[in-house]
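A.B. asks: The structure follows.
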Amino acid sequence: MQPVTTRRPALPRRASGGRIRTATLRGLPAVLAAAGLDPAVVFAQAGVSLALLDGPDRQIPLRRAGRLHAACVAATGWSDVGLRGGQAAGVESLGDAGVFVRHSPTVGEALRHLMQHLFRVNRGAIAYVAVDVGVARLGFAVVEPGVEAIDQISDGALAIGANLMRALCGPAWAPSLVRLARRRPTRPGPYRRFYRASVVFDAPDNALLFPAEVLERPVPGADPQQYRALRARIDALERADRRSLPQRLPPIVRAALGARDCSARWVAALLSMHPRTLNRRLQAEGTTFRAIVEAVRRETAEQLLVYTAMPTTEIADALVYADPSVFTRAFRRWTGQPPSRWRAGRTG
């Protein structure tokens, strides 16, 4: 019998890999100190200098941030390190994007601007907004392959998202529901207390759910003049983005999966171009929209298999496959194994 040959659908190469702002990690030293640990020692074990957290606009490779979170979990024995660190981070941790959303005219505009800005600068991870039957979702996902502690990074990012919503809507704001794509921790109480809402673990995504009408609320204290000035700065960042279209697309496709519409039409609309233009430009750069969707689906499937206990039928639905058997065939093509066996080899 011939050995099974597998093929990993390749995400386009990134010039420098995914990076995130170090300001979003500033809550971690206090978490370590609360556990009676020396933050400098734990950071050094992960190859990260504490001094990186001092600069206002410094960034860190996403993979190194994953190693740091993994080191913090190992040192403390706490499974909610990401939540503890993220809930201490405010809107200011987002830099220009945080100021920009605070001066947007409505909550919906603020979140759309945040999503578009993070597509440009937060390479390797994305925030997205989706609306379905009167319910809005503010979601977060890591799209960079090979990142450790994705559950912790996502916990922290979603906590920052809740702080952002409270800055836009008032401190009493709470989501209707919180979904986390991670296994249920031994102590779920801190999650419910922070969000002041029901929390569902082993979910298909990391998302805050709330009534869509909230998107229409005006942002209190928004300054139109500052908004225009920051709009010009954000537009300048977009013009300076030298990444190719295939390099920019995976985070957007991941957002499309979160919105349950991974069609070329949805993605092209977000890029303000026609679907035919999108396909033509991708072909000119040696790839196709289908190839990028397949690569993002595999990366997302592996995350859900490792970090959640979701049944494979639900994972197939989360990846917008019409039938679970189609997902199983695709996964076997990628890895040479059905999803259940692949999961057992990594979580057993």
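Ordering of the structure tokens sets the chain letters (A, B, ...); residue numbers start at 1 within each chain; ligands are numbered from 1 in the order shown.
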Which residues are close to range 53-62 of chain A, i.e. within 8 Å by only C-alpha atoms, leaving aside same-chain residues fewer than 3 positions away? Reply as number ranges by chain.
C.D. replies: A: 17-23, 25-26, 50, 65-66, 95, 124, 144, 147
A.B. asks: Could the residues of range 160-226 of chain A that have an atom at most 7 Å from range 296-307 of chain A be listed as a Markdown table, each with its closest atom pair and the distance in Å to one decimal, counting only C-alpha atoms and ordered by chain and ascending residue number?
C.D. replies:
```
| residue | atom | partner | partner_atom | distance |
| --- | --- | --- | --- | --- |
| A:Ala181 | CA | A:Leu304 | CA | 6.8 |
| A:Arg182 | CA | A:Tyr307 | CA | 4.9 |
| A:Arg183 | CA | A:Tyr307 | CA | 6.0 |
```
A.B. asks: Please produce a file of the residues just selected, as an mmCIF file, in the first residue's frame, where the atoms kept are C-alpha atoms.
C.D. replies:
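Output (part09.cif):
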```
data_model
loop_
_atom_site.group_PDB
_atom_site.id
_atom_site.type_symbol
_atom_site.label_atom_id
_atom_site.label_comp_id
_atom_site.auth_asym_id
_atom_site.auth_seq_id
_atom_site.Cartn_x
_atom_site.Cartn_y
_atom_site.Cartn_z
ATOM 1 C CA ALA A 181 -13.505 28.841 21.678
ATOM 2 C CA ARG A 182 -11.696 27.119 24.520
ATOM 3 C CA ARG A 183 -12.282 24.279 26.932
#
```
A.B. asks: Tell me which protein, DNA and RNA residues are within 8 Å of range 99-105 of chain A, counting only C-alpha atoms, leaving out same-chain ones fewer than 3 positions away, and put them as a PDB file with C-alpha atoms, in the first residue's frame.
C.D. replies:
```
ATOM      1  CA  VAL A  91      -8.936  51.332  25.215  1.00  0.00           C
ATOM      2  CA  GLU A  92      -5.573  53.114  25.397  1.00  0.00           C
ATOM      3  CA  LEU A  94      -5.125  49.937  21.214  1.00  0.00           C
ATOM      4  CA  GLY A  95      -3.133  53.093  20.460  1.00  0.00           C
ATOM      5  CA  ASP A  96      -4.418  55.309  17.633  1.00  0.00           C
ATOM      6  CA  GLU A 109     -18.849  52.947  13.016  1.00  0.00           C
ATOM      7  CA  ALA A 110     -16.352  52.624  15.854  1.00  0.00           C
ATOM      8  CA  LEU A 111     -16.290  48.833  15.632  1.00  0.00           C
ATOM      9  CA  HIS A 113     -13.148  51.230  11.983  1.00  0.00           C
ATOM     10  CA  LEU A 114     -11.468  49.043  14.585  1.00  0.00           C
ATOM     11  CA  ALA A 167     -15.935  52.836  27.070  1.00  0.00           C
ATOM     12  CA  LEU A 168     -18.319  53.365  24.136  1.00  0.00           C
ATOM     13  CA  PRO A 218     -23.967  57.663  19.324  1.00  0.00           C
ATOM     14  CA  VAL A 219     -20.593  57.591  21.064  1.00  0.00           C
ATOM     15  CA  GLY A 221     -18.088  62.737  23.906  1.00  0.00           C
ATOM     16  CA  ALA A 222     -17.024  61.982  20.319  1.00  0.00           C
ATOM     17  CA  ASP A 223     -15.111  64.915  18.805  1.00  0.00           C
ATOM     18  CA  PRO A 224     -15.725  65.256  15.030  1.00  0.00           C
ATOM     19  CA  GLN A 226     -10.350  64.642  16.224  1.00  0.00           C
ATOM     20  CA  TYR A 227     -12.202  61.992  14.249  1.00  0.00           C
ATOM     21  CA  LEU A 230      -7.340  60.474  13.026  1.00  0.00           C
ATOM     22  CA  ARG A 231      -9.161  59.357   9.889  1.00  0.00           C
TER      23      ARG A 231
END
```
A.B. asks: Env of Thr328 in chain A: 10 Å cut, atoms = only C-alpha atoms, seq-sep filter 4 positions within chain, self excluded. Answer as a list in words.
C.D. replies: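 In the requested format, the answer is Thr312, Thr313, Ala316, Tyr321, Asp323, Pro324, Arg332, Arg333, Trp334, Gln337, Pro338, Pro339 and Ser340 of chain A.
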A.B. asks: Choose the residue, out of A:Leu32, A:Ala46, A:Tyr195, A:Ala232, that has the smallest atom-to-atom separation from Ile160 in chain A; count only C-alpha atoms.
C.D. replies: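 Among the listed residues, the smallest separation from Ile160 in chain A belongs to A:Tyr195.
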A.B. asks: Quick one: pick out all helix (DSSP H, G or I) residues within range 151-279 of chain A from a backbone DSSP run and write them as a ChimeraX atom specification.
C.D. replies: /A:151-169,189-195,212-216,224-240,245-258,264-270,275-279
A.B. asks: Write the selection just made, keeping C-alpha atoms, as a PDB file, in the first residue's frame?
C.D. replies:
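Heads up, here's the output in out-v1.pdb:
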```pdb
ATOM      1  CA  ASP A 151      -6.957  30.351  24.159  1.00  0.00           C
ATOM      2  CA  GLN A 152      -5.110  32.782  26.451  1.00  0.00           C
ATOM      3  CA  ILE A 153      -4.457  35.353  23.720  1.00  0.00           C
ATOM      4  CA  SER A 154      -8.127  35.219  22.722  1.00  0.00           C
ATOM      5  CA  ASP A 155      -9.292  35.511  26.347  1.00  0.00           C
ATOM      6  CA  GLY A 156      -7.215  38.662  26.717  1.00  0.00           C
ATOM      7  CA  ALA A 157      -8.358  40.165  23.432  1.00  0.00           C
ATOM      8  CA  LEU A 158     -12.040  39.584  24.168  1.00  0.00           C
ATOM      9  CA  ALA A 159     -11.664  41.117  27.627  1.00  0.00           C
ATOM     10  CA  ILE A 160     -10.160  44.201  25.975  1.00  0.00           C
ATOM     11  CA  GLY A 161     -13.140  44.167  23.604  1.00  0.00           C
ATOM     12  CA  ALA A 162     -15.522  44.239  26.572  1.00  0.00           C
ATOM     13  CA  ASN A 163     -13.596  47.176  28.055  1.00  0.00           C
ATOM     14  CA  LEU A 164     -13.880  48.932  24.700  1.00  0.00           C
ATOM     15  CA  MET A 165     -17.652  48.398  24.615  1.00  0.00           C
ATOM     16  CA  ARG A 166     -17.941  49.803  28.147  1.00  0.00           C
ATOM     17  CA  ALA A 167     -15.935  52.836  27.070  1.00  0.00           C
ATOM     18  CA  LEU A 168     -18.319  53.365  24.136  1.00  0.00           C
ATOM     19  CA  CYS A 169     -21.607  52.527  25.877  1.00  0.00           C
ATOM     20  CA  GLY A 189     -16.645  32.108  37.859  1.00  0.00           C
ATOM     21  CA  PRO A 190     -14.107  34.866  37.049  1.00  0.00           C
ATOM     22  CA  TYR A 191     -15.356  34.926  33.452  1.00  0.00           C
ATOM     23  CA  ARG A 192     -18.988  35.375  34.461  1.00  0.00           C
ATOM     24  CA  ARG A 193     -18.096  38.037  37.023  1.00  0.00           C
ATOM     25  CA  PHE A 194     -16.004  40.088  34.618  1.00  0.00           C
ATOM     26  CA  TYR A 195     -18.468  39.960  31.714  1.00  0.00           C
ATOM     27  CA  ALA A 212     -27.712  44.912  17.052  1.00  0.00           C
ATOM     28  CA  GLU A 213     -29.513  48.142  17.950  1.00  0.00           C
ATOM     29  CA  VAL A 214     -26.530  49.015  20.153  1.00  0.00           C
ATOM     30  CA  LEU A 215     -24.558  49.651  16.952  1.00  0.00           C
ATOM     31  CA  GLU A 216     -26.729  52.685  16.239  1.00  0.00           C
ATOM     32  CA  PRO A 224     -15.725  65.256  15.030  1.00  0.00           C
ATOM     33  CA  GLN A 225     -12.539  67.284  14.578  1.00  0.00           C
ATOM     34  CA  GLN A 226     -10.350  64.642  16.224  1.00  0.00           C
ATOM     35  CA  TYR A 227     -12.202  61.992  14.249  1.00  0.00           C
ATOM     36  CA  ARG A 228     -11.292  63.677  10.953  1.00  0.00           C
ATOM     37  CA  ALA A 229      -7.650  64.092  11.972  1.00  0.00           C
ATOM     38  CA  LEU A 230      -7.340  60.474  13.026  1.00  0.00           C
ATOM     39  CA  ARG A 231      -9.161  59.357   9.889  1.00  0.00           C
ATOM     40  CA  ALA A 232      -6.395  60.985   7.846  1.00  0.00           C
ATOM     41  CA  ARG A 233      -3.724  59.160   9.868  1.00  0.00           C
ATOM     42  CA  ILE A 234      -5.460  55.819   9.486  1.00  0.00           C
ATOM     43  CA  ASP A 235      -5.834  56.369   5.728  1.00  0.00           C
ATOM     44  CA  ALA A 236      -2.117  57.153   5.518  1.00  0.00           C
ATOM     45  CA  LEU A 237      -1.355  53.830   7.209  1.00  0.00           C
ATOM     46  CA  GLU A 238      -3.465  52.046   4.610  1.00  0.00           C
ATOM     47  CA  ARG A 239      -1.631  53.734   1.749  1.00  0.00           C
ATOM     48  CA  ALA A 240       1.704  52.737   3.312  1.00  0.00           C
ATOM     49  CA  LEU A 245      -3.249  41.070  -1.580  1.00  0.00           C
ATOM     50  CA  PRO A 246      -2.673  37.358  -0.769  1.00  0.00           C
ATOM     51  CA  GLN A 247      -0.791  38.400   2.382  1.00  0.00           C
ATOM     52  CA  ARG A 248      -3.607  40.688   3.493  1.00  0.00           C
ATOM     53  CA  LEU A 249      -6.439  38.268   2.793  1.00  0.00           C
ATOM     54  CA  PRO A 250      -6.277  35.474   5.454  1.00  0.00           C
ATOM     55  CA  PRO A 251      -7.464  37.655   8.373  1.00  0.00           C
ATOM     56  CA  ILE A 252     -10.334  38.949   6.263  1.00  0.00           C
ATOM     57  CA  VAL A 253     -11.335  35.424   5.234  1.00  0.00           C
ATOM     58  CA  ARG A 254     -11.275  34.399   8.921  1.00  0.00           C
ATOM     59  CA  ALA A 255     -13.621  37.286   9.663  1.00  0.00           C
ATOM     60  CA  ALA A 256     -15.834  36.106   6.807  1.00  0.00           C
ATOM     61  CA  LEU A 257     -16.041  32.651   8.414  1.00  0.00           C
ATOM     62  CA  GLY A 258     -17.076  34.350  11.647  1.00  0.00           C
ATOM     63  CA  ALA A 264     -15.579  36.166  -2.599  1.00  0.00           C
ATOM     64  CA  ARG A 265     -18.426  38.669  -2.758  1.00  0.00           C
ATOM     65  CA  TRP A 266     -18.350  39.329   1.027  1.00  0.00           C
ATOM     66  CA  VAL A 267     -14.574  39.642   1.136  1.00  0.00           C
ATOM     67  CA  ALA A 268     -14.389  41.805  -1.979  1.00  0.00           C
ATOM     68  CA  ALA A 269     -17.011  44.177  -0.547  1.00  0.00           C
ATOM     69  CA  LEU A 270     -14.876  44.659   2.562  1.00  0.00           C
ATOM     70  CA  PRO A 275     -15.305  39.948  -6.889  1.00  0.00           C
ATOM     71  CA  ARG A 276     -13.937  39.567 -10.422  1.00  0.00           C
ATOM     72  CA  THR A 277     -11.227  42.098  -9.617  1.00  0.00           C
ATOM     73  CA  LEU A 278     -10.358  40.193  -6.460  1.00  0.00           C
ATOM     74  CA  ASN A 279     -10.037  36.895  -8.321  1.00  0.00           C
TER      75      ASN A 279
END
```
A.B. asks: Could you check which of A:Gly98, A:Pro211, A:Pro29, A:Gly85 is closest to Arg137 in chain A, using only C-alpha atoms?
C.D. replies: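 Among the listed residues, A:Pro211 lies closest to Arg137 in chain A.
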A.B. asks: Please determine, counting only C-alpha atoms, which residue among A:Gln45, A:Thr106, A:Thr335, A:Ser93 has the shortest atom-to-atom distance to Leu68 in chain A.
C.D. replies: A:Gln45
A.B. asks: DSSP on the backbone: what in range 143-247 of chain A comes out strand (DSSP E or B), as a list in words?
C.D. replies: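 Put together, the selection reads Leu177, Val178, Arg179, Val199, Val200, Asn206, Ala207, Leu208, Leu209, Phe210, Pro211 and Pro218 of chain A.
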A.B. asks: I'd like the neighbourhood of Thr76 in chain A as a PyMOL selection string, where a residue qualifies if any of its atoms comes within 10 Å (using only C-alpha atoms), though same-chain residues fewer than 5 positions away should be ignored.
C.D. replies: chain A and resi 31-37+42+71+81
A.B. asks: Go ahead and save the residues from that selection, with C-alpha atoms, as an mmCIF file, in the first residue's frame.
C.D. replies:
```cif
data_model
loop_
_atom_site.group_PDB
_atom_site.id
_atom_site.type_symbol
_atom_site.label_atom_id
_atom_site.label_comp_id
_atom_site.auth_asym_id
_atom_site.auth_seq_id
_atom_site.Cartn_x
_atom_site.Cartn_y
_atom_site.Cartn_z
ATOM 1 C CA VAL A 31 -0.922 38.682 37.187
ATOM 2 C CA LEU A 32 2.473 37.102 37.805
ATOM 3 C CA ALA A 33 3.121 39.280 40.854
ATOM 4 C CA ALA A 34 -0.267 38.258 42.295
ATOM 5 C CA ALA A 35 0.918 34.643 42.043
ATOM 6 C CA GLY A 36 4.054 35.527 44.013
ATOM 7 C CA LEU A 37 6.322 35.303 40.964
ATOM 8 C CA VAL A 42 8.911 34.479 33.675
ATOM 9 C CA ALA A 71 5.011 30.513 30.162
ATOM 10 C CA VAL A 81 -4.103 34.151 32.725
#
```
A.B. asks: Set the distance at 8 Å and use only C-alpha atoms: which residues neighbour Asp205 in chain A once local chain neighbours fewer than 6 positions away are removed? I'd like the list as a PDB file with C-alpha atoms, in the first residue's frame.
C.D. replies:
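What follows is the written file out.pdb:
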```pdb
ATOM      1  CA  GLY A 139     -15.356  38.546  17.551  1.00  0.00           C
ATOM      2  CA  PHE A 140     -11.630  37.859  17.705  1.00  0.00           C
ATOM      3  CA  ALA A 141      -9.502  35.180  16.048  1.00  0.00           C
ATOM      4  CA  ARG A 179     -18.788  32.631  23.542  1.00  0.00           C
ATOM      5  CA  LEU A 180     -15.249  31.307  23.984  1.00  0.00           C
ATOM      6  CA  ALA A 181     -13.505  28.841  21.678  1.00  0.00           C
ATOM      7  CA  GLY A 258     -17.076  34.350  11.647  1.00  0.00           C
TER       8      GLY A 258
END
```
A.B. asks: Just checking: using only C-alpha atoms, which residue out of A:Val320, A:Val48, A:Ala127, A:Ala174 ends up closest to Glu294 in chain A?
C.D. replies: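 Smallest distance to Glu294 in chain A is found for A:Val320.
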